Amino acid sequence: MKSKRLLICGILTVVLGACSYEPDEMSVTVDQSYPIQLFNEIEQVATTRVNDEGFCDGDGVGIYVVNYEEGLPGQLVTEGNQADNVRYVYDEANGKWIPDESVYFRDKNTHVDIIGYYPYGSPSSVDSYAFEVAKDQSTEAANGLLGGYEASDFLWGKAADIAPTTQRIAVKFQHRMAGVLVTLTEGTGFDAGEFGQLEKSVLMTNTIRKAVIDLSTGEVTPTGEVPTTGTIPYKRDGDFRAVVVPQTVAASTPLFSITVDGVPYVFRKSEPFSYVSGKLHKFTIEVSKKSASGLEFKLLGESITAWETDNVSHDATAREYIIVDCPEPGTLKECITAAGKDYTKVKNLKVTGTIDQRDFEMMRTEMTVLQSLNLREVEVAEYKGLYTVYAANEIPDGAFSEKSTLIRFVFPENIMRIGDRAFLKTNLSGSLIIPNGVTEIGNFAFYNCPLNGTLTLSKSLILIGSNVFFFCKGLSGDLIIPASVEEIGELAFGACTGFTGNLQLPSGLKKLGTEAFLSCSGFTGSLTIPHGITKIGDSCFSGCSGLNGQLNLSKDLAEIGANAFSNCKFRGSLQLPENLTIIGENAFAGNLFSGELKLPQGLAVLGNEAFSRNFRLTGIVELPEDIISVSAGLFSDCSQLEGVVIPKNVEFIRENAFTDCFQLNSIVCEAQNPPQLAATAFDGGAKDNFTVEEPEASVNSYSTAPGWMEFKRFAAHHDFSISRNLFRTLNASLAKTLVLRAPSVERGAQTRLGDG
C-alpha cells in the first residue's frame, strides 16, 4: 500500500506541483512544476493611451496552453489541452495577470504554445468560434459590461514554442477585425463656429457582421448575409470609428453613408474594396457649404495604416459606472439607495434624469469616495435656495470645490454655464471637453486641477473668467480660443506650462485680463493680438518663452502694461500701433526683436527697462516728444542699437537707460538745457567714438554739464529734422566720416572745427 501511495503522490506532484504526507509517512523528493505567468500586451500604435500594454484593470483574456509532443507542436482542441480557456484577469495596480485557476507546465522539459483571445467568452469550438460585431457600437461601457465598440474588437495572440520558465511570458495580442475611421473636416463657406454646431452622423453599410474564428491561427471568416441595417460607429468630435469583419465589398457598393445637417452623402468605390484584418482604414471627408442649403462632400484622403489606439476601449472606469435614474431633482441620494447601493461607497456613477443644487451638494459632501461622474444625459433644474437662486442648465458655483477624490467628469450636454469654483482643486485628469452650449466659465472654475491632456473649449463661449485654469500644468497641445470669446479674465491660463502648440486668440476678443497667460512657457510660433483690444494687462504674456515668431499688435492698442511681453522670444520687427500712449516697465524686455524700432509720437509713458535686453534691435530710435524722463534701463543691453534722438522736453535720463549699448554711435539731444544725466546712463559705450549733437546755443553747456562732459565731441545743429533723417539713411561708418554739422567742440583741444 505504501509503495502504491508514493507512486500516486509522485504523479500528482508533476501535475499540481505539491503533495502532502501524513507525519509518519516517508518523505519523497519530487520536481516542482512551473506556474505559467503571463504578460499580455496589444500590438497597436499608441496615440491616446498612456498604458503601452493597452489592457486595463479587470480585462479578462481566454488562454489555451497546448503541449508539444516529441518536439513537435500539438494541435489545439476544444478540451484536453494543458489548459482549456482559462481566464486571466489583469490586476493593473500590481501589474499582474491573475488566472481563475492555477496553470502549470506539464514538466520541466515540455515546450508549449500559448494561445489567447479577447474579449473572454465560451467557445464551443476552437476551429470555428462564432463571433459577431455589434450593430450599435456607440453604446457606452457600464455596470461591468463592455461598450459596443470594444465588445466588437476581437484580439488574438500566440506565444509559440515556449520552454518551461519561472519568468513571465509575453503574449502579444493583435486586432483581428478591421477598423474604420471616418473624419469629417470643415471646408469653405461656413461662418465661424457654424460647422461645429451642425448635426453629423455616419453609418457603415453593406458589411457582414457575423464571423467564425479559428482560434489556433486567429483567422476570421465572415459568415451569413449582409444585414439590411448598417453599423453605428462610436463618435468623438468629428471622428467616427467602427469595427468591421474582414471582407471584400463589391465595386460601386456604398461603404458608408454620411448625413450633415440633414444632407445625405453616400461613399462608394468604383472597384471592389477589401477590409483588411488588423488594419485601420482611414477616410477624411471635407464638407463645404456652397449655398444657403447646399453642402458639398469631398474625399481628401484615404489610407490603410496600422491599428491605432482609441479613447474608448479598455476603460475600466467606464465599465464600473453604476447607472442611476433620478426622475425628480433633489432625490439623487434616495434613488441611489433605492437601487440597492450605498452612496458613501460608490466610486463611479452615471446619472440620468434631473438633478439640482441639492444633488450637487450631496455628491460633493456625502459621496466621500466618488471618483468618476458621468452626467451626459442629465438635465440640471433651477433651485431656489434660502438666499440664492441656482439657475437651470449650469454647474452651480462650488459644485465640486476641493473634492479631491473626483478624477473624471462628463458634462451634461445642454449646460450653458460652469459656475465659480465649480471644480477648484479637484483631481480632474485627462483631456477636458467643454460642451458647445457653454457661454461662460466662472472664476476659479478649474483652478489647480491636474489636467493632463488637451483642452477643447465650447464654440459658444463668450466669457472665460479669472483664474479659470490657473496652475493646470498638465494641459498640452494647441490652445484655440473660440471665435465667440469676448473676454479672458486675469490669470485665466496663468502658469499652464504644459501647452506645446500655438496660441490663437479670437478676432472678436475685447478684453485681456492681467497675467492672463503668465508663464505659459510651452506656446510656440507667432501671436496676433486682435483688433478691438485696447489694453494688454500687466504680465499678460510674461514668461511665454516659446513664442518665437512674429508679434502682431492690435491697431487699437492704447496701453501695454508692465511686463506684458517680458521674457518671450518674439523675433522680427516690432510694429507699435500709432494710438499707443503707455508702455509699462519691462513690457518688451528680453525678446529677440530685430531691425529699427519706431516709437509712436503719442507715447506719454515709457516704463523702466521697457525694451531692455533686445540685443537684435538696430538703427536709430527716436523718443516721443512728450517724454520728460528717459526711464531707467529703457534700452539697457540693446547692444546693436546705433543711435538715439532725445526730444526737447526731456529733463532726466535715468540710471542705465542705455547701458551696454555697445554699437551706439550717435546721440542727438534737442533739449536746450542738458537733461540731468545719471552716472550710469550710457555705461558700456565708447564715449570718445562719436559726437553728441545739441542746439547751437547749448554746445558749451553740454560740454561742461555733469555726466555729459565725459563725452569727447560735441556739435551744434540748427535743424534737427535733417539730423534725424540722416540717422535713418546713413549707416554708422558713413555717419562718422561726413561732416554736416554747425560749429563743434572737441574736449581736450577745444578746437573750433568751423561752420561745416
# chains A, B, ... in the order shown; residues from 1 in each chain; ligands from 1

$ select_by_dssp --residues "range 496-643 of chain A" --states "strand (DSSP E or B)" --output "mmCIF file with N, CA and C atoms, in the first residue's frame"
data_model
loop_
_atom_site.group_PDB
_atom_site.id
_atom_site.type_symbol
_atom_site.label_atom_id
_atom_site.label_comp_id
_atom_site.auth_asym_id
_atom_site.auth_seq_id
_atom_site.Cartn_x
_atom_site.Cartn_y
_atom_site.Cartn_z
ATOM 1 N N LEU A 503 -0.947 79.439 -29.816
ATOM 2 C CA LEU A 503 -1.988 80.146 -29.083
ATOM 3 C C LEU A 503 -2.730 81.022 -30.085
ATOM 4 N N GLN A 504 -4.007 80.761 -30.261
ATOM 5 C CA GLN A 504 -4.803 81.502 -31.231
ATOM 6 C C GLN A 504 -5.917 82.240 -30.508
ATOM 7 N N LYS A 511 -11.384 91.987 -24.322
ATOM 8 C CA LYS A 511 -10.685 92.250 -23.067
ATOM 9 C C LYS A 511 -9.744 91.106 -22.730
ATOM 10 N N LEU A 512 -8.518 91.464 -22.384
ATOM 11 C CA LEU A 512 -7.494 90.513 -21.940
ATOM 12 C C LEU A 512 -7.063 90.909 -20.535
ATOM 13 N N LEU A 527 2.079 85.276 -32.570
ATOM 14 C CA LEU A 527 0.898 85.655 -31.802
ATOM 15 C C LEU A 527 0.307 86.916 -32.404
ATOM 16 N N THR A 528 -1.013 86.913 -32.575
ATOM 17 C CA THR A 528 -1.725 88.086 -33.075
ATOM 18 C C THR A 528 -2.693 88.574 -32.014
ATOM 19 N N LYS A 535 -6.114 97.373 -24.454
ATOM 20 C CA LYS A 535 -5.146 97.306 -23.351
ATOM 21 C C LYS A 535 -4.659 95.881 -23.171
ATOM 22 N N ILE A 536 -3.352 95.732 -23.045
ATOM 23 C CA ILE A 536 -2.740 94.466 -22.643
ATOM 24 C C ILE A 536 -2.376 94.613 -21.173
ATOM 25 N N LEU A 551 5.212 89.034 -33.476
ATOM 26 C CA LEU A 551 4.174 89.590 -32.626
ATOM 27 C C LEU A 551 3.422 90.642 -33.424
ATOM 28 N N ASN A 552 2.131 90.410 -33.616
ATOM 29 C CA ASN A 552 1.284 91.346 -34.353
ATOM 30 C C ASN A 552 0.315 91.995 -33.385
ATOM 31 N N GLU A 559 -2.656 100.954 -24.486
ATOM 32 C CA GLU A 559 -1.836 100.734 -23.304
ATOM 33 C C GLU A 559 -1.295 99.312 -23.288
ATOM 34 N N ILE A 560 -0.018 99.196 -23.002
ATOM 35 C CA ILE A 560 0.628 97.899 -22.802
ATOM 36 C C ILE A 560 1.194 97.899 -21.402
ATOM 37 N N ARG A 571 10.498 87.349 -32.527
ATOM 38 C CA ARG A 571 11.516 87.751 -33.493
ATOM 39 C C ARG A 571 10.894 88.689 -34.524
ATOM 40 N N GLY A 572 11.747 89.193 -35.417
ATOM 41 C CA GLY A 572 11.268 90.085 -36.462
ATOM 42 C C GLY A 572 11.083 91.496 -35.929
ATOM 43 N N GLN A 575 6.215 96.295 -34.639
ATOM 44 C CA GLN A 575 5.424 97.411 -35.153
ATOM 45 C C GLN A 575 4.445 97.851 -34.076
ATOM 46 N N ILE A 582 0.854 104.351 -23.569
ATOM 47 C CA ILE A 582 1.551 103.858 -22.374
ATOM 48 C C ILE A 582 2.218 102.527 -22.685
ATOM 49 N N ILE A 583 3.496 102.431 -22.370
ATOM 50 C CA ILE A 583 4.215 101.154 -22.378
ATOM 51 C C ILE A 583 4.809 100.989 -20.994
ATOM 52 N N LEU A 592 13.606 89.060 -28.777
ATOM 53 C CA LEU A 592 14.607 88.976 -29.841
ATOM 54 C C LEU A 592 14.174 89.799 -31.056
ATOM 55 N N PHE A 593 13.510 90.933 -30.801
ATOM 56 C CA PHE A 593 13.101 91.797 -31.906
ATOM 57 C C PHE A 593 14.329 92.303 -32.652
ATOM 58 N N GLY A 595 15.832 94.824 -36.226
ATOM 59 C CA GLY A 595 15.528 95.958 -37.085
ATOM 60 C C GLY A 595 15.338 97.230 -36.284
ATOM 61 N N GLU A 596 14.861 98.268 -36.974
ATOM 62 C CA GLU A 596 14.695 99.580 -36.349
ATOM 63 C C GLU A 596 13.356 99.656 -35.624
ATOM 64 N N LYS A 598 10.390 101.946 -34.205
ATOM 65 C CA LYS A 598 9.754 103.251 -34.338
ATOM 66 C C LYS A 598 8.734 103.408 -33.218
ATOM 67 N N VAL A 605 4.123 107.612 -21.675
ATOM 68 C CA VAL A 605 4.789 106.870 -20.613
ATOM 69 C C VAL A 605 5.596 105.742 -21.235
ATOM 70 N N LEU A 606 6.886 105.705 -20.900
ATOM 71 C CA LEU A 606 7.779 104.602 -21.263
ATOM 72 C C LEU A 606 8.409 104.090 -19.976
ATOM 73 N N LEU A 617 17.913 94.674 -31.786
ATOM 74 C CA LEU A 617 17.421 95.955 -32.294
ATOM 75 C C LEU A 617 18.569 96.756 -32.886
ATOM 76 N N THR A 618 18.343 97.366 -34.045
ATOM 77 C CA THR A 618 19.382 98.145 -34.717
ATOM 78 C C THR A 618 18.829 99.521 -35.080
ATOM 79 N N ILE A 620 18.340 103.733 -35.513
ATOM 80 C CA ILE A 620 18.173 104.895 -34.655
ATOM 81 C C ILE A 620 16.801 104.834 -34.010
ATOM 82 N N VAL A 621 16.714 105.059 -32.710
ATOM 83 C CA VAL A 621 15.439 105.144 -32.033
ATOM 84 C C VAL A 621 15.175 106.598 -31.655
ATOM 85 N N GLU A 622 14.010 107.081 -31.998
ATOM 86 C CA GLU A 622 13.622 108.461 -31.728
ATOM 87 C C GLU A 622 12.556 108.464 -30.639
ATOM 88 N N SER A 629 11.084 112.225 -18.950
ATOM 89 C CA SER A 629 12.154 111.463 -18.312
ATOM 90 C C SER A 629 12.391 110.180 -19.094
ATOM 91 N N VAL A 630 13.658 109.933 -19.455
ATOM 92 C CA VAL A 630 14.025 108.668 -20.089
ATOM 93 C C VAL A 630 14.224 107.655 -18.968
ATOM 94 N N GLY A 643 21.821 104.480 -32.565
ATOM 95 C CA GLY A 643 21.681 105.895 -32.239
ATOM 96 C C GLY A 643 20.382 106.175 -31.541
#

$ residues_around --residues "Trp97 in chain A" --least-positions-apart "3" --cutoff "9 Å" --atoms "only C-alpha atoms" --output "list in words"
Gln37, Leu38, Phe39, Asn40, Gly60, Tyr88, Val89, Tyr90, Asp91, Glu92 and Asn94 of chain A

$ residues_around --residues "range 406-411 of chain A" --least-positions-apart "5" --cutoff "6 Å" --atoms "only C-alpha atoms" --output "list in words"
Gln371, Ser372, Leu373, Asn374, Leu375, Arg376, Thr426, Asn427, Leu428 and Ser429 of chain A

$ residues_around --residues "Leu623 in chain A" --least-positions-apart "6" --cutoff "9 Å" --atoms "only C-alpha atoms" --output "MDAnalysis selection string"
chainID A and resid 598:601 603 630 644:647

$ write_last_selection --atoms "N, CA and C atoms" --output "short mmCIF file (atom, residue, chain, number, x, y, z; two decimals), in the first residue's frame"
data_model
loop_
_atom_site.label_atom_id
_atom_site.label_comp_id
_atom_site.auth_asym_id
_atom_site.auth_seq_id
_atom_site.Cartn_x
_atom_site.Cartn_y
_atom_site.Cartn_z
N LYS A 598 10.39 101.95 -34.21
CA LYS A 598 9.75 103.25 -34.34
C LYS A 598 8.73 103.41 -33.22
N LEU A 599 8.96 104.40 -32.35
CA LEU A 599 8.06 104.65 -31.24
C LEU A 599 6.98 105.65 -31.65
N PRO A 600 5.70 105.36 -31.38
CA PRO A 600 4.64 106.31 -31.70
C PRO A 600 4.86 107.64 -30.98
N GLN A 601 4.63 108.74 -31.66
CA GLN A 601 4.90 110.05 -31.07
C GLN A 601 3.89 110.42 -30.00
N LEU A 603 3.20 108.55 -27.46
CA LEU A 603 3.56 107.89 -26.21
C LEU A 603 3.84 108.92 -25.11
N VAL A 630 13.66 109.93 -19.46
CA VAL A 630 14.03 108.67 -20.09
C VAL A 630 14.22 107.66 -18.97
N VAL A 644 20.29 107.39 -30.94
CA VAL A 644 19.09 107.79 -30.23
C VAL A 644 18.86 109.28 -30.44
N VAL A 645 17.59 109.68 -30.62
CA VAL A 645 17.20 111.07 -30.68
C VAL A 645 16.38 111.38 -29.43
N ILE A 646 16.89 112.32 -28.61
CA ILE A 646 16.25 112.67 -27.35
C ILE A 646 15.51 113.99 -27.53
N PRO A 647 14.18 114.03 -27.35
CA PRO A 647 13.40 115.24 -27.66
C PRO A 647 13.64 116.38 -26.65
#

$ residues_around --residues "range 264-272 of chain A" --least-positions-apart "5" --cutoff "6 Å" --atoms "only C-alpha atoms" --output "PyMOL selection string"
chain A and resi 249-259

$ write_last_selection --atoms "N, CA and C atoms" --output "PDB file, in the first residue's frame"
ATOM      1  N   VAL A 249     -16.026  44.096 -50.244  1.00  0.00           N
ATOM      2  CA  VAL A 249     -17.311  44.647 -50.657  1.00  0.00           C
ATOM      3  C   VAL A 249     -17.255  44.895 -52.160  1.00  0.00           C
ATOM      4  N   ALA A 250     -18.287  44.509 -52.851  1.00  0.00           N
ATOM      5  CA  ALA A 250     -18.309  44.602 -54.317  1.00  0.00           C
ATOM      6  C   ALA A 250     -18.182  46.046 -54.793  1.00  0.00           C
ATOM      7  N   ALA A 251     -17.639  46.209 -56.008  1.00  0.00           N
ATOM      8  CA  ALA A 251     -17.469  47.529 -56.613  1.00  0.00           C
ATOM      9  C   ALA A 251     -18.795  48.275 -56.668  1.00  0.00           C
ATOM     10  N   SER A 252     -18.727  49.589 -56.451  1.00  0.00           N
ATOM     11  CA  SER A 252     -19.866  50.520 -56.524  1.00  0.00           C
ATOM     12  C   SER A 252     -20.903  50.308 -55.432  1.00  0.00           C
ATOM     13  N   THR A 253     -20.587  49.453 -54.469  1.00  0.00           N
ATOM     14  CA  THR A 253     -21.493  49.251 -53.332  1.00  0.00           C
ATOM     15  C   THR A 253     -21.203  50.313 -52.277  1.00  0.00           C
ATOM     16  N   PRO A 254     -22.208  50.999 -51.747  1.00  0.00           N
ATOM     17  CA  PRO A 254     -21.957  52.024 -50.720  1.00  0.00           C
ATOM     18  C   PRO A 254     -21.234  51.443 -49.508  1.00  0.00           C
ATOM     19  N   LEU A 255     -20.141  52.075 -49.120  1.00  0.00           N
ATOM     20  CA  LEU A 255     -19.376  51.631 -47.953  1.00  0.00           C
ATOM     21  C   LEU A 255     -19.880  52.301 -46.680  1.00  0.00           C
ATOM     22  N   PHE A 256     -20.240  53.549 -46.773  1.00  0.00           N
ATOM     23  CA  PHE A 256     -20.856  54.221 -45.627  1.00  0.00           C
ATOM     24  C   PHE A 256     -21.649  55.414 -46.121  1.00  0.00           C
ATOM     25  N   SER A 257     -22.592  55.825 -45.293  1.00  0.00           N
ATOM     26  CA  SER A 257     -23.410  56.996 -45.612  1.00  0.00           C
ATOM     27  C   SER A 257     -23.192  58.053 -44.536  1.00  0.00           C
ATOM     28  N   ILE A 258     -23.187  59.302 -44.970  1.00  0.00           N
ATOM     29  CA  ILE A 258     -22.931  60.436 -44.088  1.00  0.00           C
ATOM     30  C   ILE A 258     -24.114  61.388 -44.194  1.00  0.00           C
ATOM     31  N   THR A 259     -24.532  61.905 -43.061  1.00  0.00           N
ATOM     32  CA  THR A 259     -25.571  62.935 -43.052  1.00  0.00           C
ATOM     33  C   THR A 259     -25.072  64.116 -42.229  1.00  0.00           C
TER      34      THR A 259
END

$ closest_residue --among "A:Asp538, A:Glu69, A:Asp556, A:Asp191" --to "Asn586 in chain A" --atoms "only C-alpha atoms"
A:Asp538

$ residues_around --residues "Ile213 in chain A" --least-positions-apart "2" --cutoff "6 Å" --atoms "only C-alpha atoms" --output "list of chain:residue names"
A:Ser128, A:Tyr129, A:Leu215, A:Glu219, A:Val220

$ write_last_selection --atoms "N, CA and C atoms" --output "mmCIF file, in the first residue's frame"
data_model
loop_
_atom_site.group_PDB
_atom_site.id
_atom_site.type_symbol
_atom_site.label_atom_id
_atom_site.label_comp_id
_atom_site.auth_asym_id
_atom_site.auth_seq_id
_atom_site.Cartn_x
_atom_site.Cartn_y
_atom_site.Cartn_z
ATOM 1 N N SER A 128 -14.039 26.970 -35.158
ATOM 2 C CA SER A 128 -14.982 27.929 -35.733
ATOM 3 C C SER A 128 -15.757 28.615 -34.607
ATOM 4 N N TYR A 129 -15.051 29.430 -33.862
ATOM 5 C CA TYR A 129 -15.645 30.174 -32.754
ATOM 6 C C TYR A 129 -16.553 31.257 -33.328
ATOM 7 N N LEU A 215 -9.320 29.697 -33.631
ATOM 8 C CA LEU A 215 -8.508 30.174 -32.516
ATOM 9 C C LEU A 215 -7.065 29.691 -32.593
ATOM 10 N N GLU A 219 -7.492 33.377 -37.624
ATOM 11 C CA GLU A 219 -8.101 33.738 -38.900
ATOM 12 C C GLU A 219 -9.599 33.959 -38.737
ATOM 13 N N VAL A 220 -10.092 35.056 -39.311
ATOM 14 C CA VAL A 220 -11.505 35.432 -39.219
ATOM 15 C C VAL A 220 -12.153 35.236 -40.587
#

$ residues_around --residues "Met362 in chain A" --least-positions-apart "2" --cutoff "12 Å" --atoms "only C-alpha atoms" --output "number ranges by chain"
A: 329-334, 336, 343-344, 355-360, 364-368, 370, 399-400, 403

$ select_by_dssp --residues "range 169-266 of chain A" --states "helix (DSSP H, G or I)" --output "PyMOL selection string"
chain A and resi 194-197

$ write_last_selection --atoms "C-alpha atoms" --output "CSV table (one decimal), in the first residue's frame"
chain,number,residue,atom,x,y,z
A,194,GLU,CA,-21.1,77.1,-37.7
A,195,PHE,CA,-19.7,73.8,-38.8
A,196,GLY,CA,-19.2,72.6,-35.2
A,197,GLN,CA,-22.8,73.1,-34.4

$ atom_distance --atom1 "CA of Thr659 in chain A" --atom2 "CA of Asn579 in chain A"
28.7 Å

$ closest_atom_pairs --of "range 110-137 of chain A" --to "range 232-241 of chain A" --cutoff "8 Å" --atoms "only C-alpha atoms" --output "JSON lines"
{"residue": "A:Lys135", "atom": "CA", "partner": "A:Ile232", "partner_atom": "CA", "distance": 6.2}
{"residue": "A:Asp136", "atom": "CA", "partner": "A:Ile232", "partner_atom": "CA", "distance": 4.7}
{"residue": "A:Gln137", "atom": "CA", "partner": "A:Pro233", "partner_atom": "CA", "distance": 5.1}

$ write_last_selection --atoms "C-alpha atoms" --output "PDB file, in the first residue's frame"
ATOM      1  CA  LYS A 135     -24.744  46.709 -34.711  1.00  0.00           C
ATOM      2  CA  ASP A 136     -24.606  49.760 -32.391  1.00  0.00           C
ATOM      3  CA  GLN A 137     -21.007  50.411 -31.450  1.00  0.00           C
TER       4      GLN A 137
END

$ atom_distance --atom1 "CA of Asn614 in chain A" --atom2 "CA of Leu547 in chain A"
14.9 Å

$ atom_distance --atom1 "CA of Phe711 in chain A" --atom2 "CA of Ile627 in chain A"
23.1 Å

$ closest_residue --among "A:Ala159, A:Cys56, A:Ala686, A:Ala562" --to "Lys172 in chain A" --atoms "only C-alpha atoms"
A:Ala159
